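Okay, input28.cif is below, mmCIF, C-alpha atoms and all ligand atoms:
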```cif
data_upload
loop_
_atom_site.label_atom_id
_atom_site.label_comp_id
_atom_site.auth_asym_id
_atom_site.auth_seq_id
_atom_site.Cartn_x
_atom_site.Cartn_y
_atom_site.Cartn_z
CA MET A 236 6.19 -27.97 7.29
CA THR A 237 5.24 -26.42 10.62
CA SER A 238 7.72 -26.76 13.49
CA ALA A 239 6.78 -27.85 17.03
CA VAL A 240 8.28 -24.62 18.39
CA PRO A 241 6.35 -21.63 16.99
CA PRO A 242 8.68 -19.57 14.76
CA VAL A 243 7.06 -16.44 16.16
CA ASN A 244 6.54 -16.19 19.90
CA SER A 245 6.63 -12.77 21.52
CA TRP A 246 4.21 -11.91 24.33
CA ASP A 247 6.27 -9.36 26.20
CA GLU A 248 9.12 -6.79 26.20
CA PHE A 249 11.56 -8.46 28.59
CA THR A 250 11.90 -12.29 28.58
CA PRO A 251 15.02 -13.76 26.94
CA LEU A 252 15.29 -12.80 23.30
CA LYS A 253 15.60 -15.56 20.71
CA GLU A 254 14.94 -13.87 17.36
CA ILE A 255 14.76 -10.25 16.27
CA ILE A 256 14.69 -7.87 13.29
CA VAL A 257 16.97 -4.81 13.24
CA GLY A 258 16.09 -1.78 11.11
CA ASP A 259 17.91 -0.20 8.16
CA ALA A 260 18.47 3.56 7.76
CA THR A 261 19.17 3.33 4.03
CA HIS A 262 17.03 5.69 1.89
CA ALA A 263 15.70 7.41 5.08
CA ARG A 264 14.11 10.72 4.17
CA ILE A 265 11.91 13.47 5.54
CA PRO A 266 8.60 13.58 3.68
CA ARG A 267 7.05 16.83 2.50
CA MET A 268 5.36 18.47 5.48
CA SER A 269 2.52 19.62 3.23
CA ASP A 270 1.17 16.14 3.97
CA PRO A 271 -0.71 16.51 7.29
CA SER A 272 0.00 12.89 8.20
CA ALA A 273 3.75 13.49 7.87
CA TRP A 274 3.62 16.67 9.96
CA LEU A 275 1.52 14.81 12.58
CA ALA A 276 3.96 11.90 12.80
CA CYS A 277 7.26 13.73 12.51
CA TYR A 278 7.06 17.17 14.10
CA PRO A 279 3.64 17.36 15.77
CA THR A 280 4.63 20.04 18.28
CA MET A 281 5.78 22.47 15.58
CA THR A 282 3.55 25.35 14.61
CA PRO A 283 3.14 26.19 10.90
CA ASP A 284 5.83 28.87 11.21
CA GLU A 285 8.28 26.53 13.00
CA LEU A 286 7.65 23.86 10.37
CA ARG A 287 9.08 26.12 7.65
CA GLN A 288 12.61 25.25 8.84
CA VAL A 289 12.12 21.54 7.96
CA GLU A 290 13.73 20.58 4.64
CA ALA A 291 12.09 17.58 2.97
CA GLY A 292 14.34 15.02 1.29
CA GLU A 293 16.99 12.48 2.21
CA PHE A 294 18.53 12.74 5.67
CA PRO A 295 22.19 13.79 5.54
CA LYS A 296 24.47 11.06 4.15
CA ARG A 297 26.50 11.05 7.38
CA VAL A 298 23.34 10.43 9.44
CA VAL A 299 22.34 7.45 7.30
CA GLU A 300 25.82 5.94 7.08
CA GLU A 301 26.62 6.32 10.78
CA SER A 302 23.19 5.00 11.74
CA ASN A 303 23.72 1.92 9.59
CA GLU A 304 27.11 1.38 11.23
CA ASP A 305 25.42 1.55 14.64
CA LEU A 306 22.61 -0.80 13.56
CA GLU A 307 25.08 -3.36 12.24
CA GLN A 308 27.04 -3.17 15.49
CA LEU A 309 23.78 -3.75 17.38
CA ALA A 310 23.04 -6.76 15.18
CA GLU A 311 26.51 -8.18 15.78
CA THR A 312 26.08 -7.83 19.53
CA LEU A 313 22.71 -9.56 19.43
CA ARG A 314 24.15 -12.39 17.32
CA GLY A 315 26.98 -12.68 19.83
CA LEU A 316 24.34 -13.12 22.52
CA GLY A 317 22.83 -16.01 20.57
CA VAL A 318 19.87 -14.06 19.18
CA THR A 319 18.90 -14.92 15.59
CA THR A 320 19.08 -11.48 13.98
CA HIS A 321 17.70 -10.34 10.62
CA ARG A 322 18.64 -7.21 8.65
CA PRO A 323 16.04 -6.92 5.85
CA PRO A 324 17.17 -4.21 3.37
CA ALA A 325 15.06 -1.04 3.35
CA VAL A 326 12.54 -0.40 0.60
CA ASP A 327 13.45 2.40 -1.84
CA HIS A 328 11.91 5.37 -0.05
CA SER A 329 12.93 7.72 -2.84
CA ARG A 330 9.80 6.73 -4.78
CA SER A 331 6.67 8.80 -4.13
CA PHE A 332 3.33 7.04 -4.45
CA ALA A 333 -0.39 7.79 -4.49
CA SER A 334 -3.81 6.51 -3.50
CA PRO A 335 -7.14 7.70 -4.94
CA TYR A 336 -7.13 10.39 -2.24
CA TRP A 337 -3.53 11.53 -1.74
CA GLU A 338 0.09 11.47 -2.82
CA ALA A 339 2.97 10.79 -0.41
CA ASP A 340 6.74 10.56 -0.22
CA GLY A 341 8.68 7.64 1.19
CA TYR A 342 9.99 7.79 4.73
CA ILE A 343 12.12 5.27 6.61
CA SER A 344 12.86 1.60 7.46
CA TYR A 345 14.87 2.45 10.57
CA CYS A 346 12.11 1.57 13.07
CA PRO A 347 10.46 -1.80 12.33
CA ARG A 348 8.84 -1.57 15.80
CA ASP A 349 6.56 1.17 14.53
CA ILE A 350 4.63 -0.76 11.90
CA THR A 351 4.33 -4.35 13.14
CA LEU A 352 2.87 -5.67 16.39
CA VAL A 353 3.78 -9.22 17.37
CA VAL A 354 1.38 -10.83 19.86
CA GLY A 355 2.31 -14.41 20.62
CA SER A 356 2.63 -16.21 17.30
CA THR A 357 0.56 -13.64 15.42
CA VAL A 358 2.20 -10.98 13.27
CA ILE A 359 -0.07 -7.95 12.96
CA GLU A 360 0.62 -5.29 10.32
CA ALA A 361 -0.51 -2.07 11.99
CA PRO A 362 -2.61 0.61 10.22
CA SER A 363 -0.24 3.56 10.54
CA PRO A 364 -1.88 6.99 10.31
CA MET A 365 1.15 8.19 8.32
CA ARG A 366 0.68 8.04 4.51
CA SER A 367 4.45 7.83 3.95
CA ARG A 368 4.53 4.51 5.86
CA TYR A 369 2.01 2.80 3.55
CA PHE A 370 4.55 0.54 1.83
CA GLU A 371 7.32 0.59 4.44
CA ILE A 372 6.43 -2.93 5.56
CA PHE A 373 7.24 -4.46 2.20
CA ASN A 374 10.83 -5.16 3.23
CA LEU A 375 9.54 -7.31 6.10
CA ARG A 376 7.08 -9.31 4.00
CA PRO A 377 9.53 -12.10 2.93
CA LEU A 378 10.24 -12.86 6.60
CA PHE A 379 6.56 -12.70 7.55
CA GLN A 380 5.66 -15.07 4.69
CA ARG A 381 8.36 -17.48 5.82
CA TYR A 382 7.07 -17.34 9.40
CA MET A 383 3.56 -18.05 8.12
CA LEU A 384 4.80 -21.12 6.23
CA GLU A 385 6.49 -22.26 9.43
CA GLY A 386 3.26 -21.97 11.40
CA ALA A 387 2.85 -18.35 12.51
CA SER A 388 -0.36 -16.36 11.95
CA TRP A 389 -0.05 -13.25 9.81
CA ILE A 390 -2.71 -10.59 9.51
CA ALA A 391 -3.01 -6.93 8.60
CA ALA A 392 -5.37 -4.29 9.90
CA PRO A 393 -7.90 -2.87 7.42
CA ARG A 394 -5.82 -0.77 5.02
CA PRO A 395 -6.58 2.79 6.18
CA GLN A 396 -7.84 5.29 3.61
CA LEU A 397 -6.03 8.18 5.32
CA LYS A 398 -8.31 10.75 3.73
CA ASP A 399 -7.90 14.40 4.72
CA GLU A 400 -10.89 14.12 7.07
CA LEU A 401 -8.88 11.79 9.36
CA TYR A 402 -6.72 14.79 10.33
CA GLU A 403 -8.00 17.62 12.47
CA TRP A 404 -6.37 20.88 13.62
CA ASP A 405 -5.70 22.51 16.98
CA GLU A 406 -6.00 26.18 17.83
CA GLU A 407 -2.41 26.83 16.73
CA GLY A 408 -2.96 25.26 13.34
CA ARG A 409 -1.14 22.02 14.24
CA PRO A 410 -2.50 18.63 13.11
CA LEU A 411 -4.42 16.25 15.35
CA LEU A 412 -5.60 12.70 14.77
CA GLY A 413 -9.32 12.20 14.33
CA GLU A 414 -11.51 9.13 14.57
CA ALA A 415 -12.62 8.58 10.97
CA GLU A 416 -11.12 5.05 10.89
CA PRO A 417 -8.92 2.71 12.96
CA VAL A 418 -5.28 3.85 12.81
CA PHE A 419 -2.31 3.30 15.11
CA ASP A 420 1.41 2.66 14.95
CA ALA A 421 2.47 -0.61 16.55
CA ALA A 422 4.83 1.38 18.79
CA ASN A 423 1.78 2.77 20.57
CA VAL A 424 1.44 -0.67 22.18
CA LEU A 425 3.42 -2.35 24.95
CA ARG A 426 3.02 -6.08 25.60
CA VAL A 427 3.10 -7.57 29.09
CA GLY A 428 1.91 -11.12 28.58
CA ARG A 429 -1.86 -11.27 28.89
CA ASP A 430 -2.01 -7.49 29.24
CA LEU A 431 -1.28 -4.98 26.51
CA PHE A 432 -1.15 -1.22 26.94
CA TYR A 433 -2.35 0.97 24.05
CA GLN A 434 -1.48 4.66 24.07
CA VAL A 435 -4.23 6.89 22.69
CA SER A 436 -2.36 9.78 21.09
CA ARG A 437 -1.57 11.51 17.80
CA SER A 438 -0.15 8.17 16.58
CA GLY A 439 -3.03 5.94 17.66
CA ASN A 440 -6.74 6.71 17.92
CA GLU A 441 -9.68 5.30 19.89
CA MET A 442 -10.99 3.53 16.80
CA GLY A 443 -7.63 1.78 16.54
CA LEU A 444 -8.00 0.60 20.13
CA LYS A 445 -11.44 -0.83 19.27
CA TRP A 446 -10.07 -2.65 16.23
CA LEU A 447 -7.13 -4.08 18.21
CA ARG A 448 -9.41 -5.33 20.97
CA SER A 449 -11.74 -6.96 18.44
CA THR A 450 -8.82 -8.66 16.70
CA LEU A 451 -6.97 -9.85 19.79
CA ARG A 452 -10.12 -11.67 20.89
CA MET A 453 -9.34 -14.01 17.97
CA VAL A 454 -5.70 -14.40 19.06
CA ASP A 455 -6.65 -15.30 22.64
CA PRO A 456 -9.88 -14.36 24.45
CA THR A 457 -7.97 -13.84 27.73
CA LEU A 458 -5.89 -10.97 26.28
CA ARG A 459 -6.65 -7.58 27.86
CA VAL A 460 -5.93 -4.24 26.16
CA HIS A 461 -5.65 -1.30 28.56
CA PRO A 462 -5.92 2.23 27.15
CA LEU A 463 -3.33 4.80 28.23
CA ARG A 464 -5.07 8.15 27.80
CA ASP A 465 -3.63 11.58 28.66
CA VAL A 466 -0.20 10.08 29.38
CA TYR A 467 1.73 11.26 26.29
CA GLY A 468 -0.19 12.80 23.42
CA TYR A 469 2.44 12.42 20.73
CA THR A 470 4.26 9.67 18.84
CA HIS A 471 4.62 6.21 20.41
CA ILE A 472 4.70 4.98 24.02
CA ASP A 473 8.25 3.60 24.22
CA SER A 474 10.03 6.72 25.46
CA THR A 475 7.45 7.18 28.20
CA ILE A 476 7.06 3.65 29.63
CA ALA A 477 9.62 0.81 29.50
CA VAL A 478 8.65 -2.51 31.07
CA LEU A 479 11.94 -3.92 32.40
CA ARG A 480 10.73 -7.14 33.98
CA PRO A 481 7.66 -8.37 35.84
CA GLY A 482 7.16 -5.99 38.74
CA LEU A 483 9.60 -3.33 37.52
CA VAL A 484 8.74 -0.51 35.14
CA MET A 485 10.67 2.60 34.09
CA LEU A 486 8.61 5.74 33.69
CA ASN A 487 9.30 9.15 32.19
CA PRO A 488 9.04 11.75 35.01
CA ALA A 489 8.50 14.57 32.52
CA ARG A 490 5.32 12.91 31.24
CA ILE A 491 3.98 10.94 34.22
CA ALA A 492 3.56 12.48 37.67
CA GLU A 493 4.04 10.32 40.77
CA ASP A 494 0.33 10.55 41.52
CA GLU A 495 -0.61 9.72 37.91
CA VAL A 496 1.10 6.35 37.51
CA PRO A 497 -1.10 4.15 35.29
CA GLU A 498 -3.22 2.02 37.62
CA ALA A 499 -1.83 -1.33 36.44
CA PHE A 500 1.69 -0.31 37.54
CA ARG A 501 0.84 1.24 40.92
CA ASP A 502 1.86 -1.95 42.79
CA TRP A 503 5.04 -2.31 40.74
CA ASP A 504 8.50 -1.07 41.62
CA ILE A 505 8.98 2.14 39.62
CA LEU A 506 12.30 3.34 38.26
CA TRP A 507 12.02 7.00 37.28
CA CYS A 508 14.21 7.65 34.28
CA PRO A 509 17.06 10.04 35.16
CA GLU A 510 17.25 13.35 33.31
CA PRO A 511 18.79 12.63 29.87
CA GLU A 512 22.30 13.87 29.16
CA PRO A 513 22.19 16.56 26.47
CA THR A 514 23.49 15.33 23.13
CA GLU A 515 24.46 17.08 19.88
CA THR A 516 22.11 16.49 16.92
CA ALA A 517 23.02 16.58 13.24
CA LEU A 518 19.89 18.60 12.41
CA PRO A 519 18.24 21.45 14.32
CA TYR A 520 14.96 19.52 14.31
CA THR A 521 14.54 15.97 15.56
CA LEU A 522 11.92 13.25 15.37
CA SER A 523 12.52 12.37 19.03
CA GLU A 524 12.91 14.32 22.24
CA THR A 525 15.84 13.75 24.60
CA TRP A 526 13.77 11.11 26.44
CA ILE A 527 14.51 8.69 23.60
CA CYS A 528 17.27 7.47 25.97
CA MET A 529 14.53 5.47 27.75
CA ASN A 530 13.94 3.58 24.54
CA LEU A 531 16.05 0.58 25.54
CA LEU A 532 15.99 -3.08 24.50
CA MET A 533 15.68 -5.78 27.15
CA VAL A 534 17.74 -8.81 26.03
CA ASN A 535 16.49 -10.62 29.10
CA PRO A 536 15.18 -9.47 32.49
CA GLU A 537 18.75 -8.91 33.72
CA LEU A 538 20.34 -7.36 30.62
CA ALA A 539 19.51 -4.16 28.72
CA ILE A 540 21.01 -2.57 25.62
CA VAL A 541 21.09 1.16 26.29
CA ASP A 542 22.51 4.42 24.95
CA GLY A 543 26.16 4.53 26.00
CA ASP A 544 26.00 8.30 26.43
CA GLN A 545 23.60 8.07 29.37
CA PRO A 546 25.67 7.03 32.45
CA ALA A 547 22.96 8.00 34.92
CA LEU A 548 20.50 5.70 33.15
CA ALA A 549 23.01 2.83 33.27
CA LYS A 550 23.55 3.43 36.98
CA ALA A 551 19.82 3.52 37.64
CA LEU A 552 19.29 0.21 35.84
CA GLU A 553 22.21 -1.40 37.64
CA SER A 554 20.70 -0.29 40.95
CA LYS A 555 17.80 -2.61 40.08
CA GLY A 556 20.08 -5.53 39.22
CA ILE A 557 19.98 -4.97 35.47
CA SER A 558 23.33 -5.14 33.69
CA VAL A 559 23.70 -2.83 30.73
CA LEU A 560 25.36 -3.20 27.36
CA PRO A 561 26.08 0.39 26.32
CA HIS A 562 25.76 0.98 22.60
CA ARG A 563 25.72 3.96 20.31
CA LEU A 564 22.83 5.02 18.15
CA ARG A 565 24.29 8.34 17.23
CA HIS A 566 21.27 9.75 15.42
CA GLN A 567 18.44 8.28 17.47
CA ARG A 568 16.91 11.73 17.99
CA VAL A 569 17.24 12.90 14.40
CA LEU A 570 15.79 9.64 13.02
CA GLY A 571 13.28 9.17 15.83
CA GLY A 572 14.23 5.82 17.26
CA GLY A 573 16.19 4.22 20.07
CA PHE A 574 17.03 0.57 20.67
CA HIS A 575 13.42 -0.49 21.16
CA CYS A 576 12.25 1.35 18.04
CA VAL A 577 14.96 0.03 15.72
CA THR A 578 14.16 -3.58 16.60
CA LEU A 579 11.19 -5.92 16.33
CA ASP A 580 11.34 -8.95 18.59
CA ILE A 581 10.03 -12.02 16.79
CA SER A 582 10.65 -14.58 19.50
CA ARG A 583 11.21 -14.44 23.21
CA GLU A 584 11.10 -17.25 25.79
CA GLY A 585 8.10 -15.86 27.65
CA GLY A 586 4.59 -17.14 27.15
CA LEU A 587 1.05 -15.93 27.69
CA GLU A 588 1.58 -15.08 31.35
CA ASP A 589 -0.53 -13.01 33.72
CA TYR A 590 1.98 -10.58 35.24
CA PHE A 591 -0.69 -8.62 37.09
CA GLY A 592 -2.55 -11.48 38.72
N1 LIG B 1 9.07 3.49 18.25
C1 LIG B 1 9.51 4.72 18.14
N2 LIG B 1 9.92 5.22 16.96
N3 LIG B 1 9.48 5.51 19.27
C2 LIG B 1 10.02 6.86 19.28
C3 LIG B 1 9.27 7.69 20.29
C4 LIG B 1 9.80 9.09 20.30
C5 LIG B 1 8.92 10.04 21.10
N4 LIG B 1 7.96 10.72 20.20
C6 LIG B 1 9.82 11.06 21.80
O1 LIG B 1 10.04 12.09 21.23
O2 LIG B 1 10.30 10.81 22.88
#
```
Before we go any further, please render this structure as structure tokens.
Ligand SMILES: NC(=[NH2+])NCCC[C@H](N)C(=O)O
Amino acid sequence: MTSAVPPVNSWDEFTPLKEIIVGDATHARIPRMSDPSAWLACYPTMTPDELRQVEAGEFPKRVVEESNEDLEQLAETLRGLGVTTHRPPAVDHSRSFASPYWEADGYISYCPRDITLVVGSTVIEAPSPMRSRYFEIFNLRPLFQRYMLEGASWIAAPRPQLKDELYEWDEEGRPLLGEAEPVFDAANVLRVGRDLFYQVSRSGNEMGLKWLRSTLRMVDPTLRVHPLRDVYGYTHIDSTIAVLRPGLVMLNPARIAEDEVPEAFRDWDILWCPEPEPTETALPYTLSETWICMNLLMVNPELAIVDGDQPALAKALESKGISVLPHRLRHQRVLGGGFHCVTLDISREGGLEDYFG
């Protein structure tokens, strides 16, 4: 039975939220860094010597437990705002697995944003370049199957082979992402109605951009995918650019210079993210930089869920008429995800709009 209202409808990052998935930190672990895809995804700026400090295995119990407390609080707040909120339990990341070409450890279910791209009523399983993420999506499958039965479209990118030749090396012996096959994390993409922005970086290659363009032609031929090259070379776009509402975008001043604003946003009002407040971290190495504070969740164009430890950010948003709901995500740097990362919006009120016309 398909409903008149599509069960999945998410074309943007800012219109009023109706349904969302919130991540789960249970079983979160650091994979062995001997896997180049894990090193590339987790600590890509570390040299081989610096990487020696990283201990593979489960994140500290306190990190997991406190993160799950924070995620449940986030879910409660969203439910209180009338947003249908799902908490699918994490897969068991303690189990290693193999393909004909490699073996990998489990990783994390904390950031559903990273592995699934929702464009309109189409759920797209992204081809992550990280071997440890190969089965992460399995905890979302029951929901995706239900959405399909209710009328959504559900596809997956070609399963990537992730052979060693996909990974290249820089002059300091650090991994890079090659072009052997289409790979990207969904969090390399921002959606702004008819326009999507795809970051080419160590977590999304040019071949992935080609695949996404070819696929979105089937979703709607008017969709446009704009590459963001040489903006931020590392993992994911959502601590560099945050689209707050039509005509207003927050940018990371440490990564984008005033004279290098991506062309599409040059006529928009720009809110430069204030310098992040320093925060303590439970481990000496983190999956996210301090700029993860930008990684906020727009509940609607006038309301944002943000890190409560960033008063300057709250003030900056309020100066643009955006109220904030301060929340804690105590280990967002250690686990590599803020409020945008730890959620996956399934339905918003917005449609296939042209916000740049
Ligand atoms: N969807 C995500 N997990 N985004 C996290 C981006 C973190 C980014 N690499 C930073 O250090 O600022």
Notebook entry, point to check: What separation in Å, quoted to one decimal, exists between atom CA of A:Ile265 and atom CA of A:Glu360?
Noted result: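 Calculated distance between atom CA of A:Ile265 and atom CA of A:Glu360 is 22.4 Å.
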Notebook entry, point to check: When distances are computed from all atoms listed in the file, which of A:Ser329, A:Arg429, A:Phe249, A:Cys277 shows the smallest separation from A:Leu483?
Noted result: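 Of the candidates, the smallest distance to A:Leu483 is held by A:Phe249.
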Next item on the list: Please identify the residues whose atoms come within 7 Å of ligand LIG 1 (chain B), using all atoms listed in the file, and report them as a list of chain:residue names.
Entry: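 Result of the 7 Å neighbour search around ligand LIG 1 (chain B): A:Cys346, A:Arg348, A:Asp349, A:Ala422, A:Tyr469, A:Thr470, A:His471, A:Ile472, A:Asp473, A:Ser474, A:Leu522, A:Ser523, A:Glu524, A:Thr525, A:Trp526, A:Ile527, A:Gly571, A:Gly572, A:Gly573, A:His575, A:Cys576.
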Closest contacts (stretch 408-512 of chain A/stretch 392-400 of chain A, max 12 Å, all atoms listed in the file) as a tab-separated table:
```
residue	atom	partner	partner_atom	distance
A:Pro410	CA	A:Asp399	CA	10.8
A:Leu411	CA	A:Glu400	CA	10.7
A:Leu412	CA	A:Glu400	CA	9.4
A:Gly413	CA	A:Glu400	CA	7.7
A:Glu414	CA	A:Glu400	CA	9.0
A:Ala415	CA	A:Glu400	CA	7.0
A:Glu416	CA	A:Pro395	CA	6.9
A:Pro417	CA	A:Pro395	CA	7.2
A:Val418	CA	A:Pro395	CA	6.8
A:Phe419	CA	A:Ala392	CA	9.7
A:Asp420	CA	A:Ala392	CA	10.9
A:Ala421	CA	A:Ala392	CA	10.9
A:Met442	CA	A:Pro395	CA	11.5
A:Gly443	CA	A:Ala392	CA	9.3
A:Leu444	CA	A:Ala392	CA	11.6
A:Lys445	CA	A:Ala392	CA	11.7
A:Trp446	CA	A:Ala392	CA	8.1
A:Leu447	CA	A:Ala392	CA	8.5
A:Arg448	CA	A:Ala392	CA	11.8
A:Ser449	CA	A:Ala392	CA	11.0
A:Thr450	CA	A:Ala392	CA	8.8
A:Leu451	CA	A:Ala392	CA	11.5
```
Next item on the list: Considering all atoms listed in the file, state which residue in the set A:Leu486, A:Val243, A:Val257, A:Ile505 is at the smallest distance from A:Glu385.
Entry: A:Val243
Next item on the list: Using all atoms listed in the file, give me every residue within 9 Å of (15.4, -8.7, 36.8) in file coordinates, as a VMD selection string.
Entry: chain A and resid 479 to 483 535 to 538 555 to 557
Notebook entry, point to check: When distances are computed from all atoms listed in the file, which of A:Val354, A:Leu548, A:Val289, A:Val326 shows the smallest separation from A:Asn244?
Noted result: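 Distance minimum relative to A:Asn244 lands on A:Val354.
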Checklist line | Nearest residue to A:Pro295 from the set A:Trp503, A:Arg563, A:Thr261, A:Val318 (distances using only C-alpha atoms) | finding: A:Thr261
Margin query: Please determine, counting all atoms listed in the file, which residue among A:Arg376, A:Ala276, A:Glu304, A:Pro271 has the shortest atom-to-atom distance to A:Ala339.
Written below: A:Pro271
Next item on the list: Write out as a PyMOL selection string the residues lying within 9 Å of A:Ile390, counting all atoms listed in the file and excluding same-chain residues fewer than 5 positions away.
Entry: chain A and resi 357-360
Extract, using all atoms listed in the file, all DNA, RNA and protein residues at most 12 Å from A:Val353, discarding same-chain residues fewer than 6 positions from it, and format them as a CSV table (one decimal) with C-alpha atoms, in the coordinates of the input.
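File written: part.csv
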```
chain,number,residue,atom,x,y,z
A,242,PRO,CA,8.7,-19.6,14.8
A,243,VAL,CA,7.1,-16.4,16.2
A,244,ASN,CA,6.5,-16.2,19.9
A,245,SER,CA,6.6,-12.8,21.5
A,246,TRP,CA,4.2,-11.9,24.3
A,247,ASP,CA,6.3,-9.4,26.2
A,248,GLU,CA,9.1,-6.8,26.2
A,255,ILE,CA,14.8,-10.2,16.3
A,256,ILE,CA,14.7,-7.9,13.3
A,347,PRO,CA,10.5,-1.8,12.3
A,359,ILE,CA,-0.1,-8.0,13.0
A,360,GLU,CA,0.6,-5.3,10.3
A,361,ALA,CA,-0.5,-2.1,12.0
A,379,PHE,CA,6.6,-12.7,7.6
A,382,TYR,CA,7.1,-17.3,9.4
A,387,ALA,CA,2.8,-18.4,12.5
A,388,SER,CA,-0.4,-16.4,12.0
A,389,TRP,CA,0.0,-13.2,9.8
A,390,ILE,CA,-2.7,-10.6,9.5
A,391,ALA,CA,-3.0,-6.9,8.6
A,421,ALA,CA,2.5,-0.6,16.6
A,422,ALA,CA,4.8,1.4,18.8
A,424,VAL,CA,1.4,-0.7,22.2
A,425,LEU,CA,3.4,-2.4,25.0
A,426,ARG,CA,3.0,-6.1,25.6
A,427,VAL,CA,3.1,-7.6,29.1
A,428,GLY,CA,1.9,-11.1,28.6
A,431,LEU,CA,-1.3,-5.0,26.5
A,451,LEU,CA,-7.0,-9.8,19.8
A,454,VAL,CA,-5.7,-14.4,19.1
A,578,THR,CA,14.2,-3.6,16.6
A,579,LEU,CA,11.2,-5.9,16.3
A,580,ASP,CA,11.3,-9.0,18.6
A,581,ILE,CA,10.0,-12.0,16.8
A,582,SER,CA,10.6,-14.6,19.5
A,583,ARG,CA,11.2,-14.4,23.2
```
